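*Asks:* The structure file data00.cif (mmCIF, N, CA, C and O atoms) is provided below.
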```cif
data_input
loop_
_atom_site.label_atom_id
_atom_site.label_comp_id
_atom_site.auth_asym_id
_atom_site.auth_seq_id
_atom_site.Cartn_x
_atom_site.Cartn_y
_atom_site.Cartn_z
N MET A 198 -122.42 111.75 -12.04
CA MET A 198 -123.00 110.51 -12.52
C MET A 198 -123.50 109.70 -11.32
O MET A 198 -122.86 109.64 -10.29
N VAL A 199 -124.63 109.07 -11.50
CA VAL A 199 -125.23 108.27 -10.43
C VAL A 199 -124.85 106.81 -10.63
O VAL A 199 -124.85 106.29 -11.74
N LYS A 200 -124.48 106.17 -9.52
CA LYS A 200 -124.14 104.75 -9.53
C LYS A 200 -125.12 104.01 -8.63
O LYS A 200 -125.61 104.56 -7.65
N LEU A 201 -125.39 102.76 -8.98
CA LEU A 201 -126.14 101.87 -8.11
C LEU A 201 -125.10 100.96 -7.48
O LEU A 201 -124.42 100.22 -8.18
N ARG A 202 -124.95 101.06 -6.16
CA ARG A 202 -123.91 100.26 -5.53
C ARG A 202 -124.31 99.82 -4.13
O ARG A 202 -125.36 100.20 -3.62
N LEU A 203 -123.45 99.01 -3.52
CA LEU A 203 -123.73 98.44 -2.21
C LEU A 203 -123.22 99.37 -1.11
O LEU A 203 -122.14 99.95 -1.22
N ARG A 204 -124.00 99.45 -0.05
CA ARG A 204 -123.62 100.20 1.14
C ARG A 204 -123.62 99.22 2.29
O ARG A 204 -124.63 98.58 2.58
N ARG A 205 -122.50 99.07 2.97
CA ARG A 205 -122.35 98.05 4.00
C ARG A 205 -123.08 98.46 5.27
O ARG A 205 -122.94 99.58 5.75
N ILE A 206 -123.84 97.51 5.83
CA ILE A 206 -124.48 97.67 7.13
C ILE A 206 -124.26 96.37 7.89
O ILE A 206 -123.76 95.40 7.34
N GLY A 207 -124.63 96.33 9.13
CA GLY A 207 -124.48 95.11 9.90
C GLY A 207 -123.30 95.18 10.85
O GLY A 207 -122.52 96.13 10.86
N LEU A 208 -123.19 94.15 11.65
CA LEU A 208 -122.14 94.09 12.66
C LEU A 208 -120.81 93.64 12.06
O LEU A 208 -120.76 93.17 10.93
N ARG A 209 -119.78 93.75 12.86
CA ARG A 209 -118.48 93.26 12.44
C ARG A 209 -118.55 91.76 12.20
O ARG A 209 -119.14 91.03 12.99
N ASN A 210 -118.00 91.30 11.10
CA ASN A 210 -118.02 89.91 10.67
C ASN A 210 -119.41 89.38 10.36
O ASN A 210 -119.60 88.17 10.23
N GLN A 211 -120.40 90.25 10.26
CA GLN A 211 -121.76 89.86 9.88
C GLN A 211 -122.32 90.88 8.90
O GLN A 211 -123.31 91.55 9.17
N PRO A 212 -121.70 91.00 7.74
CA PRO A 212 -122.11 92.08 6.82
C PRO A 212 -123.42 91.78 6.12
O PRO A 212 -123.76 90.64 5.83
N SER A 213 -124.18 92.81 5.90
CA SER A 213 -125.28 92.80 4.97
C SER A 213 -125.21 94.16 4.27
O SER A 213 -124.48 95.05 4.71
N TYR A 214 -125.93 94.31 3.20
CA TYR A 214 -125.74 95.49 2.37
C TYR A 214 -127.08 96.08 1.95
O TYR A 214 -128.07 95.37 1.83
N ARG A 215 -127.07 97.37 1.72
CA ARG A 215 -128.19 98.06 1.08
C ARG A 215 -127.76 98.40 -0.34
O ARG A 215 -126.61 98.76 -0.57
N ILE A 216 -128.70 98.31 -1.25
CA ILE A 216 -128.44 98.75 -2.61
C ILE A 216 -128.96 100.18 -2.69
O ILE A 216 -130.14 100.43 -2.41
N VAL A 217 -128.08 101.11 -3.04
CA VAL A 217 -128.44 102.52 -3.03
C VAL A 217 -128.07 103.18 -4.35
O VAL A 217 -127.17 102.74 -5.05
N ALA A 218 -128.79 104.25 -4.66
CA ALA A 218 -128.42 105.15 -5.74
C ALA A 218 -127.60 106.26 -5.08
O ALA A 218 -128.06 106.88 -4.12
N ILE A 219 -126.39 106.47 -5.58
CA ILE A 219 -125.47 107.39 -4.93
C ILE A 219 -124.63 108.09 -5.99
O ILE A 219 -124.39 107.53 -7.07
N ASP A 220 -124.22 109.31 -5.70
CA ASP A 220 -123.32 110.02 -6.61
C ASP A 220 -121.99 109.29 -6.66
O ASP A 220 -121.50 108.78 -5.65
N LYS A 221 -121.39 109.23 -7.81
CA LYS A 221 -120.18 108.44 -8.05
C LYS A 221 -119.01 108.84 -7.15
O LYS A 221 -118.25 108.00 -6.71
N GLU A 222 -118.89 110.12 -6.80
CA GLU A 222 -117.76 110.58 -6.00
C GLU A 222 -117.93 110.38 -4.51
O GLU A 222 -116.99 110.59 -3.75
N ARG A 223 -119.09 110.01 -4.06
CA ARG A 223 -119.33 109.85 -2.62
C ARG A 223 -118.64 108.62 -2.06
O ARG A 223 -118.37 107.65 -2.78
N ALA A 224 -118.40 108.62 -0.75
CA ALA A 224 -117.79 107.48 -0.06
C ALA A 224 -118.76 106.31 -0.05
O ALA A 224 -119.97 106.48 -0.24
N ARG A 225 -118.24 105.11 0.20
CA ARG A 225 -119.06 103.89 0.18
C ARG A 225 -120.27 104.02 1.10
O ARG A 225 -121.38 103.65 0.74
N ASP A 226 -120.07 104.52 2.30
CA ASP A 226 -121.16 104.66 3.25
C ASP A 226 -121.58 106.12 3.40
O ASP A 226 -122.16 106.52 4.41
N GLY A 227 -121.34 106.92 2.37
CA GLY A 227 -121.67 108.33 2.41
C GLY A 227 -123.14 108.60 2.12
O GLY A 227 -123.97 107.70 2.04
N ARG A 228 -123.45 109.87 1.95
CA ARG A 228 -124.81 110.30 1.70
C ARG A 228 -125.30 109.78 0.36
O ARG A 228 -124.62 109.91 -0.64
N PHE A 229 -126.49 109.21 0.36
CA PHE A 229 -127.04 108.58 -0.85
C PHE A 229 -128.30 109.29 -1.29
O PHE A 229 -128.88 110.08 -0.54
N LEU A 230 -128.76 108.98 -2.50
CA LEU A 230 -129.97 109.60 -3.04
C LEU A 230 -131.21 108.80 -2.66
O LEU A 230 -132.24 109.39 -2.32
N GLU A 231 -131.13 107.46 -2.74
CA GLU A 231 -132.30 106.64 -2.46
C GLU A 231 -131.87 105.21 -2.13
O GLU A 231 -130.95 104.69 -2.74
N ILE A 232 -132.56 104.59 -1.16
CA ILE A 232 -132.35 103.18 -0.87
C ILE A 232 -133.25 102.39 -1.81
O ILE A 232 -134.45 102.62 -1.88
N LEU A 233 -132.67 101.44 -2.53
CA LEU A 233 -133.41 100.68 -3.53
C LEU A 233 -133.68 99.25 -3.10
O LEU A 233 -134.54 98.59 -3.69
N GLY A 234 -132.96 98.75 -2.12
CA GLY A 234 -133.19 97.38 -1.68
C GLY A 234 -132.12 96.93 -0.71
O GLY A 234 -131.34 97.73 -0.19
N SER A 235 -132.10 95.61 -0.48
CA SER A 235 -131.11 95.05 0.43
C SER A 235 -130.59 93.73 -0.11
O SER A 235 -131.24 93.07 -0.92
N TYR A 236 -129.42 93.35 0.40
CA TYR A 236 -128.75 92.12 -0.03
C TYR A 236 -128.05 91.53 1.18
O TYR A 236 -127.32 92.23 1.89
N ASN A 237 -128.33 90.25 1.45
CA ASN A 237 -127.67 89.55 2.55
C ASN A 237 -126.98 88.31 1.99
O ASN A 237 -127.65 87.34 1.65
N PRO A 238 -125.66 88.32 1.91
CA PRO A 238 -124.95 87.17 1.35
C PRO A 238 -124.83 86.00 2.32
O PRO A 238 -124.39 84.93 1.94
N ARG A 239 -125.25 86.18 3.56
CA ARG A 239 -125.03 85.16 4.58
C ARG A 239 -126.13 84.11 4.64
O ARG A 239 -125.98 83.11 5.34
N THR A 240 -127.24 84.28 3.95
CA THR A 240 -128.28 83.26 3.92
C THR A 240 -128.03 82.33 2.74
O THR A 240 -127.26 82.64 1.83
N GLU A 241 -128.70 81.21 2.74
CA GLU A 241 -128.51 80.23 1.66
C GLU A 241 -129.83 79.96 0.97
O GLU A 241 -130.70 79.38 1.60
N PRO A 242 -130.07 80.34 -0.28
CA PRO A 242 -129.25 81.23 -1.11
C PRO A 242 -129.35 82.67 -0.60
O PRO A 242 -130.15 82.96 0.28
N PHE A 243 -128.57 83.55 -1.17
CA PHE A 243 -128.52 84.92 -0.67
C PHE A 243 -129.90 85.59 -0.73
O PHE A 243 -130.71 85.31 -1.60
N THR A 244 -130.15 86.46 0.24
CA THR A 244 -131.40 87.22 0.29
C THR A 244 -131.22 88.48 -0.55
O THR A 244 -130.25 89.21 -0.38
N PHE A 245 -132.18 88.73 -1.42
CA PHE A 245 -132.10 89.88 -2.33
C PHE A 245 -133.49 90.46 -2.45
O PHE A 245 -134.40 89.82 -2.99
N GLU A 246 -133.70 91.66 -1.93
CA GLU A 246 -134.99 92.34 -2.00
C GLU A 246 -134.78 93.73 -2.57
O GLU A 246 -133.98 94.49 -2.04
N VAL A 247 -135.50 94.04 -3.65
CA VAL A 247 -135.35 95.35 -4.27
C VAL A 247 -136.73 95.87 -4.73
O VAL A 247 -137.66 95.10 -4.91
N ALA A 248 -136.78 97.17 -4.91
CA ALA A 248 -137.93 97.81 -5.54
C ALA A 248 -137.59 97.92 -7.02
O ALA A 248 -136.92 98.86 -7.44
N GLU A 249 -138.03 96.92 -7.79
CA GLU A 249 -137.61 96.86 -9.20
C GLU A 249 -138.08 98.06 -10.01
O GLU A 249 -137.40 98.49 -10.91
N ASP A 250 -139.24 98.60 -9.69
CA ASP A 250 -139.71 99.76 -10.44
C ASP A 250 -138.76 100.95 -10.27
O ASP A 250 -138.49 101.68 -11.22
N ARG A 251 -138.21 101.11 -9.07
CA ARG A 251 -137.25 102.19 -8.84
C ARG A 251 -135.91 101.89 -9.50
O ARG A 251 -135.24 102.80 -9.99
N ILE A 252 -135.51 100.62 -9.54
CA ILE A 252 -134.29 100.23 -10.25
C ILE A 252 -134.44 100.58 -11.73
O ILE A 252 -133.53 101.16 -12.34
N TYR A 253 -135.59 100.23 -12.31
CA TYR A 253 -135.84 100.55 -13.73
C TYR A 253 -135.78 102.06 -13.96
O TYR A 253 -135.26 102.52 -14.96
N HIS A 254 -136.33 102.82 -13.01
CA HIS A 254 -136.32 104.28 -13.12
C HIS A 254 -134.88 104.80 -13.18
O HIS A 254 -134.54 105.59 -14.06
N TRP A 255 -134.05 104.35 -12.24
CA TRP A 255 -132.67 104.85 -12.20
C TRP A 255 -131.87 104.38 -13.41
O TRP A 255 -131.11 105.15 -13.98
N LEU A 256 -132.04 103.12 -13.80
CA LEU A 256 -131.31 102.63 -14.98
C LEU A 256 -131.76 103.36 -16.24
O LEU A 256 -130.96 103.66 -17.12
N GLY A 257 -133.06 103.65 -16.33
CA GLY A 257 -133.58 104.38 -17.48
C GLY A 257 -133.09 105.81 -17.55
O GLY A 257 -133.03 106.40 -18.62
N ASN A 258 -132.72 106.38 -16.40
CA ASN A 258 -132.21 107.75 -16.36
C ASN A 258 -130.70 107.82 -16.43
O ASN A 258 -130.11 108.87 -16.18
N GLY A 259 -130.04 106.69 -16.72
CA GLY A 259 -128.61 106.72 -16.96
C GLY A 259 -127.72 106.28 -15.81
O GLY A 259 -126.50 106.39 -15.91
N ALA A 260 -128.28 105.80 -14.72
CA ALA A 260 -127.45 105.33 -13.61
C ALA A 260 -126.73 104.05 -14.03
O ALA A 260 -127.27 103.23 -14.76
N GLN A 261 -125.51 103.89 -13.55
CA GLN A 261 -124.70 102.72 -13.88
C GLN A 261 -124.54 101.85 -12.65
O GLN A 261 -124.16 102.34 -11.59
N PRO A 262 -124.83 100.53 -12.75
CA PRO A 262 -124.59 99.66 -11.60
C PRO A 262 -123.10 99.39 -11.43
O PRO A 262 -122.36 99.32 -12.41
N SER A 263 -122.67 99.25 -10.18
CA SER A 263 -121.28 98.87 -9.94
C SER A 263 -121.09 97.43 -10.39
O SER A 263 -122.05 96.73 -10.70
N GLU A 264 -119.87 96.97 -10.39
CA GLU A 264 -119.57 95.62 -10.86
C GLU A 264 -120.28 94.57 -10.01
O GLU A 264 -120.87 93.64 -10.54
N SER A 265 -120.23 94.73 -8.69
CA SER A 265 -120.87 93.74 -7.81
C SER A 265 -122.39 93.79 -7.92
O SER A 265 -123.05 92.74 -7.90
N VAL A 266 -122.96 94.96 -8.06
CA VAL A 266 -124.41 95.08 -8.21
C VAL A 266 -124.85 94.51 -9.55
O VAL A 266 -125.88 93.83 -9.64
N ALA A 267 -124.06 94.72 -10.59
CA ALA A 267 -124.39 94.15 -11.90
C ALA A 267 -124.41 92.62 -11.84
O ALA A 267 -125.29 91.98 -12.43
N LYS A 268 -123.47 92.02 -11.11
CA LYS A 268 -123.46 90.57 -10.95
C LYS A 268 -124.71 90.09 -10.21
O LYS A 268 -125.29 89.06 -10.57
N LEU A 269 -125.11 90.82 -9.18
CA LEU A 269 -126.33 90.46 -8.45
C LEU A 269 -127.56 90.57 -9.35
O LEU A 269 -128.43 89.69 -9.33
N PHE A 270 -127.65 91.66 -10.11
CA PHE A 270 -128.78 91.85 -11.00
C PHE A 270 -128.86 90.72 -12.03
O PHE A 270 -129.94 90.23 -12.34
N ASN A 271 -127.72 90.30 -12.55
CA ASN A 271 -127.71 89.20 -13.52
C ASN A 271 -128.08 87.88 -12.86
O ASN A 271 -128.72 87.03 -13.48
N ALA A 272 -127.68 87.69 -11.60
CA ALA A 272 -127.96 86.44 -10.89
C ALA A 272 -129.46 86.24 -10.68
O ALA A 272 -129.94 85.10 -10.68
N VAL A 273 -130.20 87.32 -10.48
CA VAL A 273 -131.65 87.20 -10.26
C VAL A 273 -132.46 87.52 -11.52
O VAL A 273 -133.68 87.53 -11.48
N GLY A 274 -131.78 87.83 -12.62
CA GLY A 274 -132.47 88.09 -13.89
C GLY A 274 -133.05 89.47 -14.02
O GLY A 274 -133.85 89.73 -14.92
N LEU A 275 -132.64 90.39 -13.18
CA LEU A 275 -133.19 91.74 -13.21
C LEU A 275 -132.80 92.48 -14.48
O LEU A 275 -133.62 93.19 -15.07
N MET A 276 -131.58 92.31 -14.96
CA MET A 276 -131.15 93.01 -16.17
C MET A 276 -131.90 92.50 -17.40
O MET A 276 -132.22 93.28 -18.30
N ASP A 277 -132.22 91.21 -17.43
CA ASP A 277 -133.02 90.68 -18.54
C ASP A 277 -134.41 91.31 -18.54
O ASP A 277 -134.93 91.68 -19.60
N ARG A 278 -134.99 91.43 -17.35
CA ARG A 278 -136.31 92.06 -17.26
C ARG A 278 -136.24 93.54 -17.64
O ARG A 278 -137.15 94.07 -18.28
N PHE A 279 -135.16 94.23 -17.26
CA PHE A 279 -135.01 95.64 -17.63
C PHE A 279 -134.90 95.78 -19.15
O PHE A 279 -135.46 96.71 -19.73
N ASN A 280 -134.19 94.85 -19.79
CA ASN A 280 -134.07 94.90 -21.25
C ASN A 280 -135.43 94.70 -21.91
O ASN A 280 -135.70 95.27 -22.97
N LYS A 281 -136.30 93.88 -21.30
CA LYS A 281 -137.66 93.73 -21.83
C LYS A 281 -138.42 95.05 -21.73
O LYS A 281 -139.16 95.41 -22.64
N VAL A 282 -138.25 95.75 -20.63
CA VAL A 282 -138.92 97.05 -20.46
C VAL A 282 -138.40 98.04 -21.50
O VAL A 282 -139.17 98.78 -22.10
N LYS A 283 -137.09 98.05 -21.72
CA LYS A 283 -136.52 98.94 -22.73
C LYS A 283 -137.03 98.61 -24.13
O LYS A 283 -137.18 99.49 -24.96
N ALA A 284 -137.30 97.33 -24.36
CA ALA A 284 -137.79 96.90 -25.68
C ALA A 284 -139.25 97.25 -25.89
O ALA A 284 -139.77 97.09 -27.00
N GLY A 285 -139.94 97.70 -24.84
CA GLY A 285 -141.32 98.15 -25.01
C GLY A 285 -142.37 97.32 -24.32
O GLY A 285 -143.55 97.60 -24.43
N GLU A 286 -141.97 96.30 -23.59
CA GLU A 286 -142.95 95.48 -22.87
C GLU A 286 -143.50 96.29 -21.69
O GLU A 286 -142.77 97.08 -21.09
N PRO A 287 -144.79 96.12 -21.36
CA PRO A 287 -145.36 96.90 -20.25
C PRO A 287 -144.66 96.60 -18.92
O PRO A 287 -144.35 95.45 -18.60
N VAL A 288 -144.44 97.66 -18.15
CA VAL A 288 -143.73 97.54 -16.88
C VAL A 288 -144.51 96.66 -15.91
O VAL A 288 -143.91 95.87 -15.18
N GLU A 289 -145.83 96.78 -15.90
CA GLU A 289 -146.65 96.01 -14.97
C GLU A 289 -146.48 94.50 -15.20
O GLU A 289 -146.39 93.73 -14.25
N LYS A 290 -146.42 94.11 -16.45
CA LYS A 290 -146.26 92.69 -16.78
C LYS A 290 -144.89 92.17 -16.32
O LYS A 290 -144.78 91.08 -15.75
N VAL A 291 -143.87 92.98 -16.52
CA VAL A 291 -142.52 92.60 -16.11
C VAL A 291 -142.42 92.54 -14.59
O VAL A 291 -141.78 91.65 -14.03
N LEU A 292 -143.08 93.47 -13.90
CA LEU A 292 -143.06 93.46 -12.43
C LEU A 292 -143.78 92.24 -11.88
O LEU A 292 -143.38 91.69 -10.85
N GLU A 293 -144.85 91.80 -12.54
CA GLU A 293 -145.53 90.57 -12.12
C GLU A 293 -144.62 89.36 -12.29
O GLU A 293 -144.59 88.46 -11.45
N GLU A 294 -143.88 89.34 -13.39
CA GLU A 294 -142.91 88.26 -13.62
C GLU A 294 -141.85 88.25 -12.53
O GLU A 294 -141.48 87.18 -12.01
N ALA A 295 -141.37 89.43 -12.14
CA ALA A 295 -140.37 89.53 -11.09
C ALA A 295 -140.94 89.07 -9.75
O ALA A 295 -140.27 88.36 -9.00
N LYS A 296 -142.18 89.45 -9.48
CA LYS A 296 -142.82 89.06 -8.22
C LYS A 296 -142.94 87.54 -8.12
O LYS A 296 -142.65 86.95 -7.08
N SER A 297 -143.33 86.89 -9.22
CA SER A 297 -143.45 85.43 -9.21
C SER A 297 -142.07 84.78 -9.05
O SER A 297 -141.94 83.76 -8.39
N TYR A 298 -141.04 85.38 -9.65
CA TYR A 298 -139.68 84.83 -9.50
C TYR A 298 -139.24 84.87 -8.04
O TYR A 298 -138.73 83.90 -7.51
N TYR A 299 -139.45 86.01 -7.37
CA TYR A 299 -139.00 86.15 -5.98
C TYR A 299 -139.79 85.25 -5.04
O TYR A 299 -139.26 84.81 -4.02
N GLN A 300 -141.05 84.97 -5.35
CA GLN A 300 -141.84 84.09 -4.51
C GLN A 300 -141.38 82.64 -4.62
O GLN A 300 -141.50 81.88 -3.67
N THR A 301 -140.86 82.23 -5.77
CA THR A 301 -140.40 80.86 -5.94
C THR A 301 -139.00 80.63 -5.36
O THR A 301 -138.62 79.48 -5.15
N ARG A 302 -138.26 81.71 -5.12
CA ARG A 302 -136.94 81.57 -4.51
C ARG A 302 -137.08 81.24 -3.04
O ARG A 302 -137.60 82.02 -2.27
N LEU A 303 -136.60 80.09 -2.63
CA LEU A 303 -136.67 79.68 -1.24
C LEU A 303 -135.40 80.14 -0.53
O LEU A 303 -134.30 79.78 -0.91
N VAL A 304 -135.60 80.92 0.53
CA VAL A 304 -134.47 81.42 1.30
C VAL A 304 -134.63 80.97 2.74
O VAL A 304 -135.68 81.21 3.35
N ALA A 305 -133.62 80.30 3.25
CA ALA A 305 -133.64 79.89 4.66
C ALA A 305 -133.42 81.11 5.54
O ALA A 305 -132.55 81.94 5.25
N PRO A 306 -134.20 81.27 6.61
CA PRO A 306 -134.05 82.45 7.45
C PRO A 306 -132.78 82.46 8.28
O PRO A 306 -132.36 83.48 8.76
N LYS A 307 -132.15 81.29 8.44
CA LYS A 307 -130.92 81.24 9.23
C LYS A 307 -129.74 81.72 8.42
O LYS A 307 -129.66 81.47 7.22
N THR A 308 -128.83 82.37 9.10
CA THR A 308 -127.62 82.82 8.44
C THR A 308 -126.48 81.87 8.78
O THR A 308 -126.52 81.15 9.78
N ARG A 309 -125.49 81.86 7.91
CA ARG A 309 -124.34 81.01 8.16
C ARG A 309 -123.19 81.87 8.68
O ARG A 309 -123.19 83.08 8.51
N LYS A 310 -122.25 81.24 9.29
CA LYS A 310 -121.13 81.99 9.86
C LYS A 310 -120.13 82.34 8.81
O LYS A 310 -120.02 81.86 7.79
#
```
Just give me the structure as structure tokens.
*Replies:*
Amino acid sequence: MVKLRLRRIGLRNQPSYRIVAIDKERARDGRFLEILGSYNPRTEPFTFEVAEDRIYHWLGNGAQPSESVAKLFNAVGLMDRFNKVKAGEPVEKVLEEAKSYYQTRLVAPKTRK
């Protein structure tokens, strides 16, 4: 089974994460199938960049998000947009909606300690 989960990168005491598609039995930082995006909890608000079309692909093929990734997806409205795609709305329209959402999110480039 494929899971969408976080893979830790960054220095000690300065974590940032990649969102990856990975086999369920693999280690947290083990071999993955595909990098889908990144997440930095240290900026205000958190930095979240993903390839939503690839997320939709993996979710449509049965991949399950981990608990923390599911919370992130809900925080940015990605799961709501995926449900629209499942309901039959065109993917291009939903991706435009996502693009406009990410452009309106203001993220300070400085990180906090």
*Asks:* Show which residues sit within 8 Å of range 226-237 of chain A, as a list in words. Count all atoms listed in the file, and ignore same-chain residues fewer than 5 positions away.
*Replies:*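 Near neighbours after the sequence-gap exclusion: Lys200, Leu201, Arg202, Leu203, Arg204, Arg205, Ile206, Pro212, Ser213, Tyr214, Arg215, Ile216, Val217, Ala218, Ile219, Asp220, Lys221, Pro242, Phe243, Thr244, Phe245, Glu246, Val247, Ala248, Glu249, Asp250, Arg251 and Ile252 of chain A.
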*Asks:* With N, CA, C and O atoms retained, export the selected residues as a tab-separated table (two decimals), in the coordinates of the input.
*Replies:*
```
chain	number	residue	atom	x	y	z
A	200	LYS	N	-124.48	106.17	-9.52
A	200	LYS	CA	-124.14	104.75	-9.53
A	200	LYS	C	-125.12	104.01	-8.63
A	200	LYS	O	-125.61	104.56	-7.65
A	201	LEU	N	-125.39	102.76	-8.98
A	201	LEU	CA	-126.14	101.87	-8.11
A	201	LEU	C	-125.10	100.96	-7.48
A	201	LEU	O	-124.42	100.22	-8.18
A	202	ARG	N	-124.95	101.06	-6.16
A	202	ARG	CA	-123.91	100.26	-5.53
A	202	ARG	C	-124.31	99.82	-4.13
A	202	ARG	O	-125.36	100.20	-3.62
A	203	LEU	N	-123.45	99.01	-3.52
A	203	LEU	CA	-123.73	98.44	-2.21
A	203	LEU	C	-123.22	99.37	-1.11
A	203	LEU	O	-122.14	99.95	-1.22
A	204	ARG	N	-124.00	99.45	-0.05
A	204	ARG	CA	-123.62	100.20	1.14
A	204	ARG	C	-123.62	99.22	2.29
A	204	ARG	O	-124.63	98.58	2.58
A	205	ARG	N	-122.50	99.07	2.97
A	205	ARG	CA	-122.35	98.05	4.00
A	205	ARG	C	-123.08	98.46	5.27
A	205	ARG	O	-122.94	99.58	5.75
A	206	ILE	N	-123.84	97.51	5.83
A	206	ILE	CA	-124.48	97.67	7.13
A	206	ILE	C	-124.26	96.37	7.89
A	206	ILE	O	-123.76	95.40	7.34
A	212	PRO	N	-121.70	91.00	7.74
A	212	PRO	CA	-122.11	92.08	6.82
A	212	PRO	C	-123.42	91.78	6.12
A	212	PRO	O	-123.76	90.64	5.83
A	213	SER	N	-124.18	92.81	5.90
A	213	SER	CA	-125.28	92.80	4.97
A	213	SER	C	-125.21	94.16	4.27
A	213	SER	O	-124.48	95.05	4.71
A	214	TYR	N	-125.93	94.31	3.20
A	214	TYR	CA	-125.74	95.49	2.37
A	214	TYR	C	-127.08	96.08	1.95
A	214	TYR	O	-128.07	95.37	1.83
A	215	ARG	N	-127.07	97.37	1.72
A	215	ARG	CA	-128.19	98.06	1.08
A	215	ARG	C	-127.76	98.40	-0.34
A	215	ARG	O	-126.61	98.76	-0.57
A	216	ILE	N	-128.70	98.31	-1.25
A	216	ILE	CA	-128.44	98.75	-2.61
A	216	ILE	C	-128.96	100.18	-2.69
A	216	ILE	O	-130.14	100.43	-2.41
A	217	VAL	N	-128.08	101.11	-3.04
A	217	VAL	CA	-128.44	102.52	-3.03
A	217	VAL	C	-128.07	103.18	-4.35
A	217	VAL	O	-127.17	102.74	-5.05
A	218	ALA	N	-128.79	104.25	-4.66
A	218	ALA	CA	-128.42	105.15	-5.74
A	218	ALA	C	-127.60	106.26	-5.08
A	218	ALA	O	-128.06	106.88	-4.12
A	219	ILE	N	-126.39	106.47	-5.58
A	219	ILE	CA	-125.47	107.39	-4.93
A	219	ILE	C	-124.63	108.09	-5.99
A	219	ILE	O	-124.39	107.53	-7.07
A	220	ASP	N	-124.22	109.31	-5.70
A	220	ASP	CA	-123.32	110.02	-6.61
A	220	ASP	C	-121.99	109.29	-6.66
A	220	ASP	O	-121.50	108.78	-5.65
A	221	LYS	N	-121.39	109.23	-7.81
A	221	LYS	CA	-120.18	108.44	-8.05
A	221	LYS	C	-119.01	108.84	-7.15
A	221	LYS	O	-118.25	108.00	-6.71
A	242	PRO	N	-130.07	80.34	-0.28
A	242	PRO	CA	-129.25	81.23	-1.11
A	242	PRO	C	-129.35	82.67	-0.60
A	242	PRO	O	-130.15	82.96	0.28
A	243	PHE	N	-128.57	83.55	-1.17
A	243	PHE	CA	-128.52	84.92	-0.67
A	243	PHE	C	-129.90	85.59	-0.73
A	243	PHE	O	-130.71	85.31	-1.60
A	244	THR	N	-130.15	86.46	0.24
A	244	THR	CA	-131.40	87.22	0.29
A	244	THR	C	-131.22	88.48	-0.55
A	244	THR	O	-130.25	89.21	-0.38
A	245	PHE	N	-132.18	88.73	-1.42
A	245	PHE	CA	-132.10	89.88	-2.33
A	245	PHE	C	-133.49	90.46	-2.45
A	245	PHE	O	-134.40	89.82	-2.99
A	246	GLU	N	-133.70	91.66	-1.93
A	246	GLU	CA	-134.99	92.34	-2.00
A	246	GLU	C	-134.78	93.73	-2.57
A	246	GLU	O	-133.98	94.49	-2.04
A	247	VAL	N	-135.50	94.04	-3.65
A	247	VAL	CA	-135.35	95.35	-4.27
A	247	VAL	C	-136.73	95.87	-4.73
A	247	VAL	O	-137.66	95.10	-4.91
A	248	ALA	N	-136.78	97.17	-4.91
A	248	ALA	CA	-137.93	97.81	-5.54
A	248	ALA	C	-137.59	97.92	-7.02
A	248	ALA	O	-136.92	98.86	-7.44
A	249	GLU	N	-138.03	96.92	-7.79
A	249	GLU	CA	-137.61	96.86	-9.20
A	249	GLU	C	-138.08	98.06	-10.01
A	249	GLU	O	-137.40	98.49	-10.91
A	250	ASP	N	-139.24	98.60	-9.69
A	250	ASP	CA	-139.71	99.76	-10.44
A	250	ASP	C	-138.76	100.95	-10.27
A	250	ASP	O	-138.49	101.68	-11.22
A	251	ARG	N	-138.21	101.11	-9.07
A	251	ARG	CA	-137.25	102.19	-8.84
A	251	ARG	C	-135.91	101.89	-9.50
A	251	ARG	O	-135.24	102.80	-9.99
A	252	ILE	N	-135.51	100.62	-9.54
A	252	ILE	CA	-134.29	100.23	-10.25
A	252	ILE	C	-134.44	100.58	-11.73
A	252	ILE	O	-133.53	101.16	-12.34
```
*Asks:* Would you please work out which residue, of A:Gly285, A:Pro262, A:Gly207, A:Pro238, is nearest to Val304 in chain A when using only C-alpha atoms?
*Replies:* A:Pro238
*Asks:* Mind giving me the straight-line distance from atom O of Asn258 in chain A to CA of Met198 in chain A in Å, one decimal?
*Replies:*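 Separating atom O of Asn258 in chain A from CA of Met198 in chain A is a distance of 8.2 Å.
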*Asks:* Quick check, in Å to one decimal: how far apart do atom C of Ala305 in chain A and CA of Arg239 in chain A lie?
*Replies:*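 Taking atom C of Ala305 in chain A and CA of Arg239 in chain A, their separation equals 9.4 Å.
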*Asks:* For a test of reading the model, state the distance in Å between atom O of Arg278 in chain A and CA of Arg223 in chain A, rounded to one decimal.
*Replies:*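 These atoms are spaced 28.5 Å apart.
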*Asks:* List every residue of range 224-275 of chain A that DSSP, applied to the backbone of this structure, places in strand (DSSP E), and write the result as JSON, numbers by chain.
*Replies:* {"A": [231, 232, 233, 234, 235, 236, 237, 244, 245, 246, 247, 261, 262]}
*Asks:* Need to verify the contact set: Ala260 in chain A, 4.5 Å, all atoms listed in the file, exclusion of same-chain residues closer than 3 positions in sequence. Can you return it as a ChimeraX atom specification?
*Replies:* /A:199,255-256
*Asks:* Would you be able to write out as a ChimeraX atom specification which residues have an atom within 12 Å of (-130.5, 92.9, -17.3) in the file's coordinates, counting only C-alpha atoms?
*Replies:* /A:249,252-253,256-257,261-262,266-284
